[in-house]
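coords26.cif (mmCIF, C-alpha atoms) appears below.
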data_start
#
loop_
_atom_site.group_PDB
_atom_site.id
_atom_site.type_symbol
_atom_site.label_atom_id
_atom_site.label_comp_id
_atom_site.auth_asym_id
_atom_site.auth_seq_id
_atom_site.Cartn_x
_atom_site.Cartn_y
_atom_site.Cartn_z
ATOM 1 C CA MET A 1 186.126 34.975 118.857
ATOM 2 C CA LYS A 2 182.758 33.245 119.179
ATOM 3 C CA LYS A 3 181.106 36.605 119.764
ATOM 4 C CA LEU A 4 182.644 38.078 116.604
ATOM 5 C CA LEU A 5 181.494 35.037 114.631
ATOM 6 C CA GLY A 6 177.965 35.504 115.953
ATOM 7 C CA ILE A 7 177.953 39.194 115.071
ATOM 8 C CA ALA A 8 179.242 38.437 111.571
ATOM 9 C CA LEU A 9 176.545 35.780 111.067
ATOM 10 C CA ALA A 10 173.840 38.159 112.285
ATOM 11 C CA LEU A 11 175.071 40.919 109.963
ATOM 12 C CA ALA A 12 175.138 38.480 107.033
ATOM 13 C CA ALA A 13 171.554 37.446 107.792
ATOM 14 C CA LEU A 14 170.561 41.112 108.039
ATOM 15 C CA ILE A 15 172.069 41.866 104.620
ATOM 16 C CA LEU A 16 170.296 38.855 103.120
ATOM 17 C CA LEU A 17 166.966 39.941 104.599
ATOM 18 C CA LEU A 18 167.410 43.557 103.472
ATOM 19 C CA HIS A 19 168.220 42.250 99.992
ATOM 20 C CA GLY A 20 165.019 40.179 100.076
ATOM 21 C CA ILE A 21 162.920 43.246 100.933
ATOM 22 C CA GLU A 22 163.585 44.680 97.467
ATOM 23 C CA ASP A 23 161.444 41.975 95.858
ATOM 24 C CA LEU A 24 158.437 42.512 98.131
ATOM 25 C CA PRO A 25 155.491 44.453 96.691
ATOM 26 C CA PRO A 26 155.098 48.042 97.970
ATOM 27 C CA TRP A 27 153.314 48.541 101.263
ATOM 28 C CA ALA A 28 149.491 48.646 100.940
ATOM 29 C CA ASP A 29 149.652 48.209 97.175
ATOM 30 C CA PRO A 30 146.163 47.195 95.947
ATOM 31 C CA HIS A 31 147.681 45.329 93.002
ATOM 32 C CA GLN A 32 149.969 43.026 94.980
ATOM 33 C CA PRO A 33 149.364 39.280 94.454
ATOM 34 C CA ALA A 34 147.681 38.677 97.813
ATOM 35 C CA SER A 35 145.183 41.469 97.174
ATOM 36 C CA VAL A 36 144.199 40.463 93.641
ATOM 37 C CA HIS A 37 144.046 36.699 94.184
ATOM 38 C CA VAL A 38 142.330 35.487 97.382
ATOM 39 C CA SER A 39 140.985 38.601 99.069
ATOM 40 C CA PRO A 40 138.410 39.533 96.385
ATOM 41 C CA ARG A 41 137.199 35.946 96.345
ATOM 42 C CA TYR A 42 136.657 35.981 100.126
ATOM 43 C CA ILE A 43 134.951 39.382 100.015
ATOM 44 C CA GLU A 44 132.655 38.520 97.114
ATOM 45 C CA ARG A 45 131.733 34.923 97.835
ATOM 46 C CA SER A 46 132.022 34.246 101.559
ATOM 47 C CA VAL A 47 128.436 35.258 102.371
ATOM 48 C CA GLU A 48 126.855 33.136 99.658
ATOM 49 C CA GLU A 49 129.150 30.195 100.371
ATOM 50 C CA THR A 50 128.936 30.085 104.163
ATOM 51 C CA ALA A 51 125.924 32.279 105.107
ATOM 52 C CA VAL A 52 128.153 34.003 107.684
ATOM 53 C CA PRO A 53 127.888 37.814 107.578
ATOM 54 C CA ASN A 54 131.273 38.254 109.301
ATOM 55 C CA ILE A 55 133.998 37.613 106.716
ATOM 56 C CA VAL A 56 136.650 37.272 109.417
ATOM 57 C CA THR A 57 134.798 34.371 111.024
ATOM 58 C CA ALA A 58 134.214 32.714 107.648
ATOM 59 C CA VAL A 59 137.914 32.909 106.774
ATOM 60 C CA LEU A 60 139.043 31.910 110.261
ATOM 61 C CA ALA A 61 136.816 28.904 110.745
ATOM 62 C CA ASP A 62 136.010 27.713 107.243
ATOM 63 C CA TYR A 63 138.542 28.684 104.579
ATOM 64 C CA ARG A 64 141.424 28.504 107.045
ATOM 65 C CA GLY A 65 140.012 25.763 109.246
ATOM 66 C CA TYR A 66 143.312 23.910 109.529
ATOM 67 C CA ASP A 67 144.982 27.033 110.874
ATOM 68 C CA THR A 68 142.403 27.457 113.622
ATOM 69 C CA LEU A 69 142.477 23.749 114.474
ATOM 70 C CA PHE A 70 146.183 23.854 115.147
ATOM 71 C CA GLU A 71 145.919 27.208 116.927
ATOM 72 C CA THR A 72 143.604 25.431 119.331
ATOM 73 C CA ALA A 73 146.070 22.565 119.553
ATOM 74 C CA VAL A 74 148.844 25.062 120.341
ATOM 75 C CA ILE A 75 146.802 26.536 123.202
ATOM 76 C CA PHE A 76 146.118 23.044 124.506
ATOM 77 C CA THR A 77 149.838 22.197 124.282
ATOM 78 C CA ALA A 78 150.766 25.429 126.079
ATOM 79 C CA GLY A 79 148.403 24.622 128.941
ATOM 80 C CA VAL A 80 149.679 21.062 129.243
ATOM 81 C CA ALA A 81 153.287 22.318 129.157
ATOM 82 C CA VAL A 82 152.602 24.791 131.980
ATOM 83 C CA LEU A 83 150.957 21.982 133.907
ATOM 84 C CA MET A 84 153.928 19.646 133.388
ATOM 85 C CA ILE A 85 156.577 22.241 134.276
ATOM 86 C CA LEU A 86 154.964 23.974 137.251
ATOM 87 C CA ARG A 87 152.632 21.470 138.859
ATOM 88 C CA ARG A 88 154.040 19.878 142.007
ATOM 89 C CA PHE A 89 151.900 17.318 143.787
ATOM 90 C CA MET A 90 152.085 17.229 147.541
ATOM 91 C CA PRO A 91 153.135 13.920 149.119
ATOM 92 C CA MET B 92 148.808 34.568 147.867
ATOM 93 C CA ILE B 93 145.223 35.577 147.330
ATOM 94 C CA ARG B 94 143.076 35.518 150.442
ATOM 95 C CA GLU B 95 139.370 35.973 150.842
ATOM 96 C CA GLN B 96 138.324 39.600 150.428
ATOM 97 C CA GLU B 97 136.500 40.951 153.420
ATOM 98 C CA ASP B 98 135.209 44.127 151.761
ATOM 99 C CA ILE B 99 131.472 43.665 151.354
ATOM 100 C CA ILE B 100 131.232 46.138 148.458
ATOM 101 C CA ILE B 101 133.778 44.244 146.350
ATOM 102 C CA GLN B 102 132.166 40.926 147.251
ATOM 103 C CA THR B 103 128.664 42.045 146.341
ATOM 104 C CA VAL B 104 129.619 43.780 143.113
ATOM 105 C CA CYS B 105 131.713 40.848 141.923
ATOM 106 C CA ARG B 106 129.061 38.335 142.905
ATOM 107 C CA ILE B 107 126.536 40.192 140.758
ATOM 108 C CA PHE B 108 129.073 40.729 137.972
ATOM 109 C CA ILE B 109 130.307 37.154 137.493
ATOM 110 C CA PRO B 110 127.101 35.617 136.050
ATOM 111 C CA PHE B 111 126.708 38.531 133.646
ATOM 112 C CA MET B 112 130.303 38.024 132.510
ATOM 113 C CA GLN B 113 129.700 34.339 131.836
ATOM 114 C CA VAL B 114 126.492 35.002 129.928
ATOM 115 C CA TYR B 115 128.290 37.765 128.000
ATOM 116 C CA SER B 116 131.015 35.313 126.991
ATOM 117 C CA LEU B 117 128.341 33.009 125.591
ATOM 118 C CA TYR B 118 126.908 36.022 123.733
ATOM 119 C CA VAL B 119 130.357 36.741 122.252
ATOM 120 C CA LEU B 120 130.588 33.108 121.182
ATOM 121 C CA ALA B 121 127.110 32.977 119.665
ATOM 122 C CA HIS B 122 127.484 36.290 117.845
ATOM 123 C CA GLY B 123 130.903 35.474 116.417
ATOM 124 C CA HIS B 124 129.056 34.975 113.122
ATOM 125 C CA GLY B 125 127.771 38.491 112.815
ATOM 126 C CA SER B 126 130.058 40.683 114.864
ATOM 127 C CA PRO B 127 133.599 40.618 116.196
ATOM 128 C CA GLY B 128 133.953 37.695 118.559
ATOM 129 C CA GLY B 129 134.219 33.959 118.564
ATOM 130 C CA GLY B 130 135.683 31.136 120.536
ATOM 131 C CA PHE B 131 139.012 32.658 121.521
ATOM 132 C CA GLN B 132 137.546 35.889 122.858
ATOM 133 C CA GLY B 133 134.573 34.243 124.512
ATOM 134 C CA GLY B 134 136.789 31.675 126.195
ATOM 135 C CA CYS B 135 139.034 34.389 127.587
ATOM 136 C CA ILE B 136 136.037 36.290 129.003
ATOM 137 C CA PHE B 137 134.729 33.119 130.611
ATOM 138 C CA ALA B 138 138.144 32.407 132.133
ATOM 139 C CA ALA B 139 138.316 36.008 133.392
ATOM 140 C CA SER B 140 135.142 35.363 135.392
ATOM 141 C CA PHE B 141 136.966 32.597 137.257
ATOM 142 C CA VAL B 142 139.911 34.947 137.852
ATOM 143 C CA LEU B 143 137.473 37.451 139.360
ATOM 144 C CA MET B 144 136.017 34.671 141.478
ATOM 145 C CA SER B 145 139.481 33.844 142.799
ATOM 146 C CA ILE B 146 139.906 37.497 143.762
ATOM 147 C CA ILE B 147 136.734 37.822 145.812
ATOM 148 C CA TYR B 148 136.819 34.338 147.329
ATOM 149 C CA ASP B 149 140.012 32.318 147.529
ATOM 150 C CA LEU B 150 141.557 29.720 145.285
ATOM 151 C CA ASN B 151 139.911 26.832 147.077
ATOM 152 C CA GLU B 152 136.516 28.182 146.040
ATOM 153 C CA VAL B 153 137.597 28.268 142.380
ATOM 154 C CA LYS B 154 139.069 24.787 142.661
ATOM 155 C CA ARG B 155 135.852 23.538 144.243
ATOM 156 C CA ARG B 156 133.803 24.842 141.309
ATOM 157 C CA PHE B 157 136.342 24.019 138.611
ATOM 158 C CA ALA B 158 138.411 20.983 139.552
ATOM 159 C CA GLU B 159 141.796 20.478 137.961
ATOM 160 C CA ARG B 160 140.993 17.107 136.421
ATOM 161 C CA PHE B 161 137.809 18.586 135.002
ATOM 162 C CA SER B 162 139.675 21.523 133.410
ATOM 163 C CA VAL B 163 142.154 19.222 131.658
ATOM 164 C CA PHE B 164 139.247 17.063 130.534
ATOM 165 C CA LEU B 165 137.434 20.123 129.137
ATOM 166 C CA ALA B 166 140.580 21.288 127.303
ATOM 167 C CA SER B 167 140.898 17.913 125.608
ATOM 168 C CA LEU B 168 137.165 17.881 124.890
ATOM 169 C CA GLY B 169 137.375 21.188 123.016
ATOM 170 C CA VAL B 170 140.168 20.011 120.737
ATOM 171 C CA PHE B 171 138.249 16.744 120.313
ATOM 172 C CA ILE B 172 135.105 18.603 119.196
ATOM 173 C CA PHE B 173 137.106 20.613 116.659
ATOM 174 C CA ALA B 174 139.052 17.672 115.230
ATOM 175 C CA GLY B 175 135.966 15.460 115.498
ATOM 176 C CA MET B 176 134.019 17.838 113.242
ATOM 177 C CA GLY B 177 136.829 17.485 110.707
ATOM 178 C CA TRP B 178 136.756 13.707 110.912
ATOM 179 C CA LEU B 179 132.943 13.699 110.727
ATOM 180 C CA CYS B 180 133.149 15.628 107.460
ATOM 181 C CA LEU B 181 135.762 13.152 106.253
ATOM 182 C CA PHE B 182 133.537 10.162 107.073
ATOM 183 C CA LEU B 183 130.550 11.770 105.351
ATOM 184 C CA GLY B 184 132.495 11.904 102.107
ATOM 185 C CA GLY B 185 133.876 15.439 102.044
ATOM 186 C CA ASN B 186 137.263 16.921 102.761
ATOM 187 C CA PHE B 187 138.667 17.431 106.261
ATOM 188 C CA LEU B 188 136.798 20.379 107.871
ATOM 189 C CA ASP B 189 134.611 20.774 104.768
ATOM 190 C CA TYR B 190 131.352 21.462 106.622
ATOM 191 C CA GLY B 191 129.182 21.476 103.495
ATOM 192 C CA VAL B 192 128.688 17.720 103.625
ATOM 193 C CA LEU B 193 127.081 18.024 107.071
ATOM 194 C CA SER B 194 123.841 18.711 105.183
ATOM 195 C CA THR B 195 123.470 14.943 104.749
ATOM 196 C CA ILE B 196 122.843 14.526 108.510
ATOM 197 C CA LEU B 197 121.395 17.971 109.280
ATOM 198 C CA PRO B 198 118.013 19.068 107.895
ATOM 199 C CA VAL B 199 119.528 22.131 106.169
ATOM 200 C CA ASP B 200 121.122 22.974 102.837
ATOM 201 C CA PRO B 201 124.941 22.872 102.447
ATOM 202 C CA VAL B 202 125.381 26.641 102.926
ATOM 203 C CA MET B 203 123.605 26.624 106.289
ATOM 204 C CA ALA B 204 125.477 23.428 107.178
ATOM 205 C CA ARG B 205 128.696 25.453 106.902
ATOM 206 C CA TYR B 206 127.128 28.028 109.229
ATOM 207 C CA TYR B 207 126.390 25.402 111.865
ATOM 208 C CA GLY B 208 129.762 23.709 111.379
ATOM 209 C CA ILE B 209 131.490 26.990 112.150
ATOM 210 C CA ALA B 210 129.321 27.388 115.259
ATOM 211 C CA ALA B 211 130.284 23.888 116.429
ATOM 212 C CA ILE B 212 134.021 24.388 116.070
ATOM 213 C CA GLU B 213 133.836 27.813 117.745
ATOM 214 C CA THR B 214 132.206 26.057 120.700
ATOM 215 C CA GLY B 215 135.137 23.645 120.832
ATOM 216 C CA VAL B 216 137.616 26.526 120.724
ATOM 217 C CA GLN B 217 135.770 28.304 123.522
ATOM 218 C CA ILE B 218 135.826 25.231 125.790
ATOM 219 C CA THR B 219 139.554 24.674 125.249
ATOM 220 C CA VAL B 220 140.560 28.318 125.713
ATOM 221 C CA MET B 221 138.441 28.666 128.854
ATOM 222 C CA ALA B 222 139.810 25.541 130.527
ATOM 223 C CA ILE B 223 143.433 26.226 129.597
ATOM 224 C CA MET B 224 143.286 29.859 130.737
ATOM 225 C CA VAL B 225 141.939 28.863 134.151
ATOM 226 C CA SER B 226 144.531 26.095 134.446
ATOM 227 C CA ILE B 227 147.455 28.381 133.498
ATOM 228 C CA PHE B 228 146.190 31.060 135.888
ATOM 229 C CA LEU B 229 145.999 28.677 138.823
ATOM 230 C CA ASN B 230 149.418 27.179 138.131
ATOM 231 C CA LEU B 231 151.223 30.469 137.576
ATOM 232 C CA LEU B 232 149.630 32.074 140.627
ATOM 233 C CA THR B 233 150.562 29.321 143.066
ATOM 234 C CA GLY B 234 153.675 27.980 141.378
ATOM 235 C CA GLY B 235 151.917 24.670 140.830
ATOM 236 C CA LEU B 236 151.029 24.222 144.494
ATOM 237 C CA HIS B 237 147.249 24.561 144.512
ATOM 238 C CA GLU B 238 146.439 21.558 146.669
ATOM 239 C CA LYS B 239 143.271 21.384 148.711
ATOM 240 C CA ASP B 240 144.728 23.631 151.380
ATOM 241 C CA VAL B 241 146.909 26.026 149.436
ATOM 242 C CA GLU B 242 148.370 27.908 152.381
ATOM 243 C CA GLN B 243 149.465 24.765 154.176
ATOM 244 C CA ALA B 244 151.095 23.409 151.043
ATOM 245 C CA TYR B 245 153.070 26.630 150.742
ATOM 246 C CA VAL B 246 154.305 26.467 154.308
ATOM 247 C CA ARG B 247 155.251 22.823 153.994
ATOM 248 C CA VAL B 248 157.290 23.323 150.827
ATOM 249 C CA ASN B 249 159.071 26.432 152.120
ATOM 250 C CA ASN B 250 160.065 24.569 155.293
ATOM 251 C CA GLN B 251 161.654 21.709 153.392
#

In structure tokens, how does this file's structure come out?
Amino acid sequence: MKKLLGIALALAALILLLHGIEDLPPWADPHQPASVHVSPRYIERSVEETAVPNIVTAVLADYRGYDTLFETAVIFTAGVAVLMILRRFMP
Amino acid sequence: MIREQEDIIIQTVCRIFIPFMQVYSLYVLAHGHGSPGGGFQGGCIFAASFVLMSIIYDLNEVKRRFAERFSVFLASLGVFIFAGMGWLCLFLGGNFLDYGVLSTILPVDPVMARYYGIAAIETGVQITVMAIMVSIFLNLLTGGLHEKDVEQAYVRVNNQ
């Protein structure tokens, strides 16, 4: 019974997700919102705003600095979690 | 368990290779501005040099050069550098992680201040990634039992 309920829930979620796909812009469409809004700004202005020739680094560390900060925090948390779970100190 | 390699060819090649690897990781970090690279990649390369060191020597050698307390300290230091740059920008009157205001304490214009701010946080990322990778490697390899004498610790726990 529980298994059937789980399968029904998963199928319902699948139908919802497939329904949501219809509203997404076509794959690799140059006129989708993400491509006409922020990307041209990064491509045109990142060198004069940050003096960094590599746009990826400029976006990663400057425009999306919060993202990278918490990526680093995630790595730190992962290391501390491994340490807490596995480390056994000898008596 | 990894024991000391007795093959002189592997030992010699790895001994020559390790310093080049570490310098190369610093190159990847420093050239993250102009080419693919940055803190995450550089930190992984630096950690890989310690993995290589644990293959040609044994774990005690790695632990002697890179103590556990020191690795946790370095991991915290990297996050501290990153978040500290954000707070520094906040105290200087800008937004969090808005490196442009660093030009008030650095002798450069705001655009170059962003350049140096990015370099500083990449350094923090590199330190954290390097320390955490070495720490995870040591703990996964020995199951958390890398005491001073790793072999003896293993025997003692398995006999209990």

Please determine the contact residues of chain A with respect to chain B at a cut-off of 8 Å, counting all atoms listed in the file, and supply them as a PDB file with C-alpha atoms, keeping the file's coordinate frame.
ATOM      1  CA  GLU A  48     126.855  33.136  99.658  1.00  0.00           C
ATOM      2  CA  GLU A  49     129.150  30.195 100.371  1.00  0.00           C
ATOM      3  CA  THR A  50     128.936  30.085 104.163  1.00  0.00           C
ATOM      4  CA  ALA A  51     125.924  32.279 105.107  1.00  0.00           C
ATOM      5  CA  VAL A  52     128.153  34.003 107.684  1.00  0.00           C
ATOM      6  CA  PRO A  53     127.888  37.814 107.578  1.00  0.00           C
ATOM      7  CA  ASN A  54     131.273  38.254 109.301  1.00  0.00           C
ATOM      8  CA  THR A  57     134.798  34.371 111.024  1.00  0.00           C
ATOM      9  CA  ALA A  58     134.214  32.714 107.648  1.00  0.00           C
ATOM     10  CA  ALA A  61     136.816  28.904 110.745  1.00  0.00           C
ATOM     11  CA  ASP A  62     136.010  27.713 107.243  1.00  0.00           C
ATOM     12  CA  GLY A  65     140.012  25.763 109.246  1.00  0.00           C
ATOM     13  CA  TYR A  66     143.312  23.910 109.529  1.00  0.00           C
ATOM     14  CA  LEU A  69     142.477  23.749 114.474  1.00  0.00           C
ATOM     15  CA  THR A  72     143.604  25.431 119.331  1.00  0.00           C
ATOM     16  CA  ALA A  73     146.070  22.565 119.553  1.00  0.00           C
ATOM     17  CA  ILE A  75     146.802  26.536 123.202  1.00  0.00           C
ATOM     18  CA  PHE A  76     146.118  23.044 124.506  1.00  0.00           C
ATOM     19  CA  GLY A  79     148.403  24.622 128.941  1.00  0.00           C
ATOM     20  CA  VAL A  82     152.602  24.791 131.980  1.00  0.00           C
ATOM     21  CA  LEU A  83     150.957  21.982 133.907  1.00  0.00           C
ATOM     22  CA  LEU A  86     154.964  23.974 137.251  1.00  0.00           C
ATOM     23  CA  ARG A  87     152.632  21.470 138.859  1.00  0.00           C
ATOM     24  CA  ARG A  88     154.040  19.878 142.007  1.00  0.00           C
ATOM     25  CA  PHE A  89     151.900  17.318 143.787  1.00  0.00           C
ATOM     26  CA  MET A  90     152.085  17.229 147.541  1.00  0.00           C
TER      27      MET A  90
END

Axis-aligned box for range 218-222 of chain B, 4 Å per side, centre and edges in Å as AutoDock Vina command-line options:
--center_x 138.2 --center_y 26.7 --center_z 127.9 --size_x 12.7 --size_y 12.0 --size_z 13.3

Choose the residue, out of B:Ala138, B:Val192, B:Met176, B:Ile147, that has the smallest atom-to-atom separation from Met221 in chain B; count only C-alpha atoms.
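Checking each candidate against Met221 in chain B, we get B:Ala138 as the closest.
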
Can you measure CA of Ala28 in chain A to CA of Glu71 in chain A for me? One decimal in Å is fine.
27.0 Å

Please indicate the distance in Å from CA of Phe141 in chain B to CA of Leu60 in chain A, rounded to one decimal place.
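Rounded to one decimal, the two atoms are 27.1 Å apart.
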
How many Å lie between CA of Cys105 in chain B and CA of Met144 in chain B, rounded to one decimal?
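Straight-line distance from CA of Cys105 in chain B to CA of Met144 in chain B works out to 7.5 Å.
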
Only C-alpha atoms, please: range 16-72 of chain A from the block, as a PDB file, in the first residue's frame.
ATOM      1  CA  LEU A  16       3.652  18.302 -12.846  1.00  0.00           C
ATOM      2  CA  LEU A  17       7.278  18.655 -13.932  1.00  0.00           C
ATOM      3  CA  LEU A  18       6.517  17.635 -17.526  1.00  0.00           C
ATOM      4  CA  HIS A  19       3.709  20.203 -17.536  1.00  0.00           C
ATOM      5  CA  GLY A  20       6.177  22.836 -16.301  1.00  0.00           C
ATOM      6  CA  ILE A  21       8.591  22.079 -19.155  1.00  0.00           C
ATOM      7  CA  GLU A  22       6.107  23.532 -21.651  1.00  0.00           C
ATOM      8  CA  ASP A  23       6.675  27.039 -20.286  1.00  0.00           C
ATOM      9  CA  LEU A  24      10.473  26.888 -20.503  1.00  0.00           C
ATOM     10  CA  PRO A  25      12.124  28.716 -23.411  1.00  0.00           C
ATOM     11  CA  PRO A  26      13.457  26.479 -26.221  1.00  0.00           C
ATOM     12  CA  TRP A  27      16.876  24.939 -25.757  1.00  0.00           C
ATOM     13  CA  ALA A  28      19.759  27.265 -26.762  1.00  0.00           C
ATOM     14  CA  ASP A  29      17.367  30.021 -27.798  1.00  0.00           C
ATOM     15  CA  PRO A  30      19.364  33.283 -28.080  1.00  0.00           C
ATOM     16  CA  HIS A  31      16.265  35.319 -27.235  1.00  0.00           C
ATOM     17  CA  GLN A  32      15.435  33.637 -23.928  1.00  0.00           C
ATOM     18  CA  PRO A  33      15.337  35.970 -20.891  1.00  0.00           C
ATOM     19  CA  ALA A  34      18.634  34.804 -19.391  1.00  0.00           C
ATOM     20  CA  SER A  35      20.462  35.446 -22.661  1.00  0.00           C
ATOM     21  CA  VAL A  36      19.084  38.928 -23.330  1.00  0.00           C
ATOM     22  CA  HIS A  37      19.256  40.260 -19.770  1.00  0.00           C
ATOM     23  CA  VAL A  38      22.440  39.490 -17.792  1.00  0.00           C
ATOM     24  CA  SER A  39      24.745  37.705 -20.211  1.00  0.00           C
ATOM     25  CA  PRO A  40      25.286  40.639 -22.619  1.00  0.00           C
ATOM     26  CA  ARG A  41      25.974  42.900 -19.661  1.00  0.00           C
ATOM     27  CA  TYR A  42      28.652  40.520 -18.337  1.00  0.00           C
ATOM     28  CA  ILE A  43      30.202  40.082 -21.786  1.00  0.00           C
ATOM     29  CA  GLU A  44      30.262  43.790 -22.608  1.00  0.00           C
ATOM     30  CA  ARG A  45      31.167  45.356 -19.287  1.00  0.00           C
ATOM     31  CA  SER A  46      33.093  42.859 -17.173  1.00  0.00           C
ATOM     32  CA  VAL A  47      36.525  43.858 -18.505  1.00  0.00           C
ATOM     33  CA  GLU A  48      36.030  47.578 -17.976  1.00  0.00           C
ATOM     34  CA  GLU A  49      34.399  47.062 -14.585  1.00  0.00           C
ATOM     35  CA  THR A  50      36.810  44.553 -13.059  1.00  0.00           C
ATOM     36  CA  ALA A  51      39.945  44.625 -15.283  1.00  0.00           C
ATOM     37  CA  VAL A  52      39.809  40.811 -15.373  1.00  0.00           C
ATOM     38  CA  PRO A  53      40.235  39.384 -18.893  1.00  0.00           C
ATOM     39  CA  ASN A  54      38.573  36.079 -17.924  1.00  0.00           C
ATOM     40  CA  ILE A  55      34.809  36.654 -17.791  1.00  0.00           C
ATOM     41  CA  VAL A  56      34.258  33.408 -15.893  1.00  0.00           C
ATOM     42  CA  THR A  57      36.486  34.569 -13.042  1.00  0.00           C
ATOM     43  CA  ALA A  58      34.833  37.996 -12.984  1.00  0.00           C
ATOM     44  CA  VAL A  59      31.361  36.454 -12.738  1.00  0.00           C
ATOM     45  CA  LEU A  60      32.450  33.793 -10.256  1.00  0.00           C
ATOM     46  CA  ALA A  61      34.305  36.001  -7.825  1.00  0.00           C
ATOM     47  CA  ASP A  62      32.789  39.441  -8.279  1.00  0.00           C
ATOM     48  CA  TYR A  63      29.250  39.480  -9.665  1.00  0.00           C
ATOM     49  CA  ARG A  64      28.386  36.202  -7.954  1.00  0.00           C
ATOM     50  CA  GLY A  65      30.625  36.628  -4.928  1.00  0.00           C
ATOM     51  CA  TYR A  66      28.011  35.380  -2.475  1.00  0.00           C
ATOM     52  CA  ASP A  67      27.696  32.142  -4.416  1.00  0.00           C
ATOM     53  CA  THR A  68      31.423  31.465  -4.260  1.00  0.00           C
ATOM     54  CA  LEU A  69      31.600  32.429  -0.583  1.00  0.00           C
ATOM     55  CA  PHE A  70      29.034  29.830   0.345  1.00  0.00           C
ATOM     56  CA  GLU A  71      30.544  27.269  -2.032  1.00  0.00           C
ATOM     57  CA  THR A  72      33.697  27.640   0.022  1.00  0.00           C
TER      58      THR A  72
END
